[in-house]
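**Student:** Structure incoming, see below.
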Amino acid sequence: MTRLTAALVGILGVAAALAAGHLVAGVVGPSASPLYAVGNTAIDFTPSFLKDFAVRTFGTYDKLVLLLGMGVVLLVAAVVAGLLSRRTPLPGTVLAVALGLLGVAAVLYRPDLGQLGVLAPVASLVVGVVVFRWLHAAASRPTSENPSRRTFLIASGATAVGAGLAGVIGQAAAGRVDVEASRRAVGELKPTTPAPAVPAGADFAAEGTPAFITPNKDFYRVDTALAVPRMRAEDLVLRVHGMVDRELNLRYDDLRRRDLVERTITMTCVSNEVGGPYVSTANFVGVPLRDVLREAGVRSGADQLFSTSVDGWTAGSPLDVVMEEDRGAMIALGMNGEPLPVEHGFPARLVVPGLYGYVSATKWVVDIEVTTFAAKRAYWLERGWGERGPIKVMSRIDSPVGLSTVSGRVVATGVAWAQPTGISKVEVRVDNGPWRTTTLSEGVNDSTWRMWRVELDLPSGGHTVESRATDKSGSTQPQARVAPIPDGATGWHSIFFTVA
Ligand SMILES: Nc1nc2c(c(=O)[nH]1)N[C@H]1C(S)=C(S)[C@@H](COP(=O)(O)O)O[C@H]1N2
Ligand SMILES: [Mo]
């Protein structure tokens, strides 16, 4: 067997194994596909610093990078196993079994997959072993003869075509849960209490800030889901239980038939670095969470609202915060005039103004348990992040852009936030000079961001501008640089630019 043939046998064996798993997963549950299951489990085991690094470096492409990385590792393993198997098919067989078992372990570890999910990696294991050994046998016959060479060519061609077909059919089968059709069928979610209109002067978008309302397609996205959960509205039963007087089981229609409220809320991720992009604002439509919990009847002694998504991610929110009358915590169904986009939690998610997303904003939420912090620990708490997660006062400079050259009049603009307290002032200083107050945009509500602008008259040359915000309770954004972990970054944003 030539080296090339040996490598090809290894690659085709692994490809057939993956495709078979993907095909079976299309029937038993898309996230059981070995590549996804192993990837998702790897995400759960990745140390926080590495996850942080991935998010910082690759942004929303972090998952694509992970899948590509896994692809490269598999390719190398397949080639090596193929080459080692030139005399005996044992090494390749061992690889197929090992990969299959890894898939089984990953599926068993996933909290969102039933026992049936194991069938996908088992299919991978069996098909991997059988196809590898079959191709190996076909390639091992004397190659001097034309017909036997043809046997291998036909066998490998058939494997490639079969694997491709299985992959495509698996993908199509997974897509049969038509979540987009379900979203369309939801139609308009009309709030009984609409949010006040956002005034035209709420942003300085013409001068470099983001638009006050972030379009859904630009809204930041952070989650641990490799493949976005595809849940139909009609399949939702939101269970409210734990330390309550009555357990509730709310279907999507039960939720949408209630009096819906609309609230303009700025969400923020705890992983956001000083100057970072993980902050966005939307009009959310949904049901006040407080009302639902009062219906269930919260028992005394509880201090945590523990929420779980359909893919098994969990968040623990401080119950006192969620129950505050003016807080505006909600079970959101809609976002900016449409049902939640699938990536942002369709059919339902939680939003709690003033708390970082990791302790509050469960997307694809299916379970809400009233409990205690002593009894249960949520996903990121287990990984070293803080328990309560209140959002810290922060400001960011959006213009001038760092390291740019500007000419003429310099207008510095940016955003600041301190949900749910609200921003009272943003100051900037240039080249360590005195602090100057900036002009704030028209306020919308204290749970949203606020834009600022200031005109600077500067001589040509290089300059550094820094900003700091103060909230309505009088706390000023601290200068000390602190990393996002465990409970949110602090420090002043600073930008260097040149005046021509
Ligand atoms: N199911 C699920 N919900 C989740 C997460 C997740 O990983 N899984 N991440 C949380 C985090 S850390 C943040 S900051 C917000 C982000 O919400 P967005 O992606 O809609 O902006 O969702 C939260 N909800
Ligand atoms: Mo987050």
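Here's how to read the names in the structure tokens: chain A, B, ... by the order shown, residue numbers from 1 in each chain, ligand numbers from 1 in the order shown.
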What's the 6 Å shell around Thr448 (chain A), counting only C-alpha atoms, without same-chain residues fewer than 2 positions away, as a list in words?
**Tutor:** Ile265, Thr266, Asn445 and Asp446 of chain A
**Student:** Based on the selection just made, write N, CA, C and O atoms of those residues as an mmCIF file, in the first residue's frame.
**Tutor:**
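out11.cif written:
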```cif
data_model
loop_
_atom_site.group_PDB
_atom_site.id
_atom_site.type_symbol
_atom_site.label_atom_id
_atom_site.label_comp_id
_atom_site.auth_asym_id
_atom_site.auth_seq_id
_atom_site.Cartn_x
_atom_site.Cartn_y
_atom_site.Cartn_z
ATOM 1 N N ILE A 265 -34.033 48.060 26.934
ATOM 2 C CA ILE A 265 -33.020 47.586 27.894
ATOM 3 C C ILE A 265 -31.662 47.440 27.206
ATOM 4 O O ILE A 265 -31.577 46.929 26.086
ATOM 5 N N THR A 266 -30.614 47.877 27.900
ATOM 6 C CA THR A 266 -29.250 47.667 27.410
ATOM 7 C C THR A 266 -28.673 46.446 28.118
ATOM 8 O O THR A 266 -28.586 46.420 29.347
ATOM 9 N N ASN A 445 -34.097 55.615 29.492
ATOM 10 C CA ASN A 445 -34.418 55.181 30.854
ATOM 11 C C ASN A 445 -33.117 54.729 31.491
ATOM 12 O O ASN A 445 -32.117 54.530 30.795
ATOM 13 N N ASP A 446 -33.099 54.550 32.795
ATOM 14 C CA ASP A 446 -31.834 54.306 33.494
ATOM 15 C C ASP A 446 -31.260 52.920 33.245
ATOM 16 O O ASP A 446 -30.124 52.643 33.611
#
```
**Student:** Write as a tab-separated table (two decimals) with all heavy atoms, in the first residue's frame the residues around ligand 1, taking 6 Å as the cut-off and counting only C-alpha atoms and all ligand atoms.
**Tutor:**
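Printed below is part.tsv as written:
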```tsv
chain	number	residue	atom	x	y	z
A	220	TYR	N	-24.87	42.07	19.97
A	220	TYR	CA	-23.77	41.16	20.32
A	220	TYR	C	-24.34	39.80	20.69
A	220	TYR	O	-25.48	39.69	21.13
A	220	TYR	CB	-22.92	41.75	21.46
A	220	TYR	CG	-23.43	41.51	22.86
A	220	TYR	CD1	-23.07	40.38	23.57
A	220	TYR	CD2	-24.30	42.42	23.49
A	220	TYR	CE1	-23.53	40.15	24.86
A	220	TYR	CE2	-24.76	42.20	24.77
A	220	TYR	CZ	-24.39	41.06	25.45
A	220	TYR	OH	-24.85	40.83	26.72
A	221	ARG	N	-23.55	38.77	20.48
A	221	ARG	CA	-24.02	37.42	20.81
A	221	ARG	C	-22.94	36.70	21.60
A	221	ARG	O	-21.78	36.65	21.17
A	221	ARG	CB	-24.32	36.64	19.54
A	221	ARG	CG	-24.72	35.21	19.85
A	221	ARG	CD	-24.95	34.35	18.63
A	221	ARG	NE	-24.96	32.96	19.06
A	221	ARG	CZ	-24.72	31.93	18.26
A	221	ARG	NH1	-24.48	32.10	17.00
A	221	ARG	NH2	-24.74	30.70	18.76
A	222	VAL	N	-23.31	36.17	22.74
A	222	VAL	CA	-22.39	35.37	23.55
A	222	VAL	C	-23.15	34.16	24.08
A	222	VAL	O	-24.18	34.30	24.75
A	222	VAL	CB	-21.83	36.17	24.74
A	222	VAL	CG1	-21.04	35.25	25.67
A	222	VAL	CG2	-20.93	37.31	24.27
A	223	ASP	N	-22.70	32.97	23.75
A	223	ASP	CA	-23.25	31.77	24.36
A	223	ASP	C	-22.32	30.60	24.14
A	223	ASP	O	-21.36	30.71	23.38
A	223	ASP	CB	-24.66	31.46	23.82
A	223	ASP	CG	-24.68	31.35	22.32
A	223	ASP	OD1	-23.96	30.49	21.79
A	223	ASP	OD2	-25.40	32.14	21.67
A	224	THR	N	-22.61	29.49	24.81
A	224	THR	CA	-21.75	28.32	24.73
A	224	THR	C	-22.25	27.32	23.68
A	224	THR	O	-21.72	26.22	23.58
A	224	THR	CB	-21.71	27.59	26.08
A	224	THR	OG1	-23.06	27.21	26.40
A	224	THR	CG2	-21.17	28.48	27.19
A	268	THR	N	-25.46	43.74	28.76
A	268	THR	CA	-23.99	43.81	28.78
A	268	THR	C	-23.44	42.45	29.19
A	268	THR	O	-24.01	41.78	30.04
A	268	THR	CB	-23.53	44.87	29.81
A	268	THR	OG1	-24.26	46.06	29.61
A	268	THR	CG2	-22.04	45.16	29.67
A	269	CYS	N	-22.30	42.09	28.60
A	269	CYS	CA	-21.65	40.84	28.97
A	269	CYS	C	-20.52	41.12	29.94
A	269	CYS	O	-19.74	42.06	29.76
A	269	CYS	CB	-21.09	40.13	27.74
A	269	CYS	SG	-20.29	38.57	28.13
A	309	SER	N	-31.54	26.47	30.21
A	309	SER	CA	-31.92	26.53	28.80
A	309	SER	C	-32.15	25.12	28.28
A	309	SER	O	-31.77	24.14	28.92
A	309	SER	CB	-30.83	27.20	27.98
A	309	SER	OG	-29.68	26.38	27.99
A	313	TRP	N	-27.61	24.93	29.62
A	313	TRP	CA	-26.85	26.03	30.24
A	313	TRP	C	-27.68	26.58	31.40
A	313	TRP	O	-28.91	26.53	31.37
A	313	TRP	CB	-26.60	27.11	29.18
A	313	TRP	CG	-25.73	28.24	29.65
A	313	TRP	CD1	-24.36	28.27	29.64
A	313	TRP	CD2	-26.16	29.52	30.15
A	313	TRP	NE1	-23.93	29.48	30.11
A	313	TRP	CE2	-25.00	30.26	30.43
A	313	TRP	CE3	-27.41	30.10	30.39
A	313	TRP	CZ2	-25.05	31.56	30.94
A	313	TRP	CZ3	-27.47	31.38	30.89
A	313	TRP	CH2	-26.30	32.10	31.17
A	344	HIS	N	-30.78	34.63	19.59
A	344	HIS	CA	-30.99	35.41	20.81
A	344	HIS	C	-32.05	34.79	21.71
A	344	HIS	O	-32.58	35.46	22.59
A	344	HIS	CB	-31.29	36.87	20.47
A	344	HIS	CG	-30.12	37.57	19.83
A	344	HIS	ND1	-28.95	37.86	20.52
A	344	HIS	CD2	-29.92	37.98	18.56
A	344	HIS	CE1	-28.09	38.44	19.69
A	344	HIS	NE2	-28.65	38.51	18.50
A	357	GLY	N	-25.27	39.38	31.63
A	357	GLY	CA	-26.02	38.28	31.02
A	357	GLY	C	-25.78	36.92	31.65
A	357	GLY	O	-26.70	36.09	31.72
A	358	TYR	N	-24.56	36.67	32.15
A	358	TYR	CA	-24.24	35.32	32.63
A	358	TYR	C	-25.00	34.96	33.90
A	358	TYR	O	-25.08	33.77	34.25
A	358	TYR	CB	-22.73	35.15	32.84
A	358	TYR	CG	-22.19	35.71	34.14
A	358	TYR	CD1	-21.78	34.87	35.17
A	358	TYR	CD2	-22.11	37.08	34.35
A	358	TYR	CE1	-21.29	35.37	36.37
A	358	TYR	CE2	-21.62	37.60	35.55
A	358	TYR	CZ	-21.22	36.74	36.55
A	358	TYR	OH	-20.75	37.24	37.73
A	361	ALA	N	-29.55	36.20	31.81
A	361	ALA	CA	-30.21	36.36	30.51
A	361	ALA	C	-30.41	35.05	29.76
A	361	ALA	O	-30.20	34.98	28.55
A	361	ALA	CB	-29.42	37.36	29.67
A	362	THR	N	-30.79	34.00	30.45
A	362	THR	CA	-30.91	32.67	29.85
A	362	THR	C	-31.73	32.65	28.57
A	362	THR	O	-32.91	33.00	28.57
A	362	THR	CB	-31.51	31.69	30.88
A	362	THR	OG1	-30.72	31.77	32.06
A	362	THR	CG2	-31.51	30.26	30.35
A	363	LYS	N	-31.08	32.26	27.49
A	363	LYS	CA	-31.76	32.13	26.20
A	363	LYS	C	-32.34	30.72	26.10
A	363	LYS	O	-31.88	29.81	26.78
A	363	LYS	CB	-30.76	32.37	25.06
A	363	LYS	CG	-30.01	33.70	25.19
A	363	LYS	CD	-29.27	34.06	23.92
A	363	LYS	CE	-27.84	33.60	23.92
A	363	LYS	NZ	-27.07	34.20	22.78
A	364	TRP	N	-33.33	30.54	25.24
A	364	TRP	CA	-33.98	29.23	25.05
A	364	TRP	C	-34.38	28.66	26.41
A	364	TRP	O	-34.19	27.46	26.70
A	364	TRP	CB	-33.04	28.25	24.31
A	364	TRP	CG	-32.33	28.87	23.15
A	364	TRP	CD1	-32.89	29.25	21.97
A	364	TRP	CD2	-30.93	29.24	23.06
A	364	TRP	NE1	-31.93	29.82	21.16
A	364	TRP	CE2	-30.73	29.82	21.79
A	364	TRP	CE3	-29.85	29.13	23.92
A	364	TRP	CZ2	-29.49	30.29	21.37
A	364	TRP	CZ3	-28.61	29.60	23.50
A	364	TRP	CH2	-28.44	30.16	22.24
```
**Student:** Hey, which of A:Arg184, A:Arg230, A:Arg176, A:Arg481 ends up closest to Glu343 (chain A)? Count only C-alpha atoms.
**Tutor:**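 Checking each of A:Arg184, A:Arg230, A:Arg176, A:Arg481 against Glu343 (chain A), counting only C-alpha atoms, the winner is A:Arg230.
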**Student:** How many Å separate CA of Arg453 (chain A) from CA of Thr413 (chain A)?
**Tutor:** 4.2 Å
**Student:** Write out as a list in words which residues come within 10 Å of Leu165 (chain A) when counting only C-alpha atoms, dropping same-chain ones fewer than 6 positions away.
**Tutor:**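 Result of the neighbour search: Ala19, Ala20, Leu23, Thr159 and Gln171 of chain A.
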**Student:** May I have all residues of region 118-317 of chain A that DSSP, computed from the backbone, assigns to strand (DSSP E), given as JSON, numbers by chain?
**Tutor:** {"A": [237, 238, 239, 240, 241, 242, 248, 249, 250, 251, 261, 262, 263, 264, 265, 266, 267, 268, 279, 280, 281, 282, 283, 284, 285, 286, 287, 288, 304, 305, 306, 307, 308, 309, 314, 315, 316, 317]}
**Student:** Do a neighbour search on Ala233 (chain A) at 7 Å with only C-alpha atoms, toss out local chain neighbours closer than 4 positions, and write the hits as a PDB file with C-alpha atoms, in the first residue's frame.
**Tutor:**
```
ATOM      1  CA  SER A 182     -42.484  28.561  13.911  1.00  0.00           C
ATOM      2  CA  TYR A 252     -45.829  29.721  24.609  1.00  0.00           C
ATOM      3  CA  PRO A 347     -38.860  31.087  21.696  1.00  0.00           C
TER       4      PRO A 347
END
```
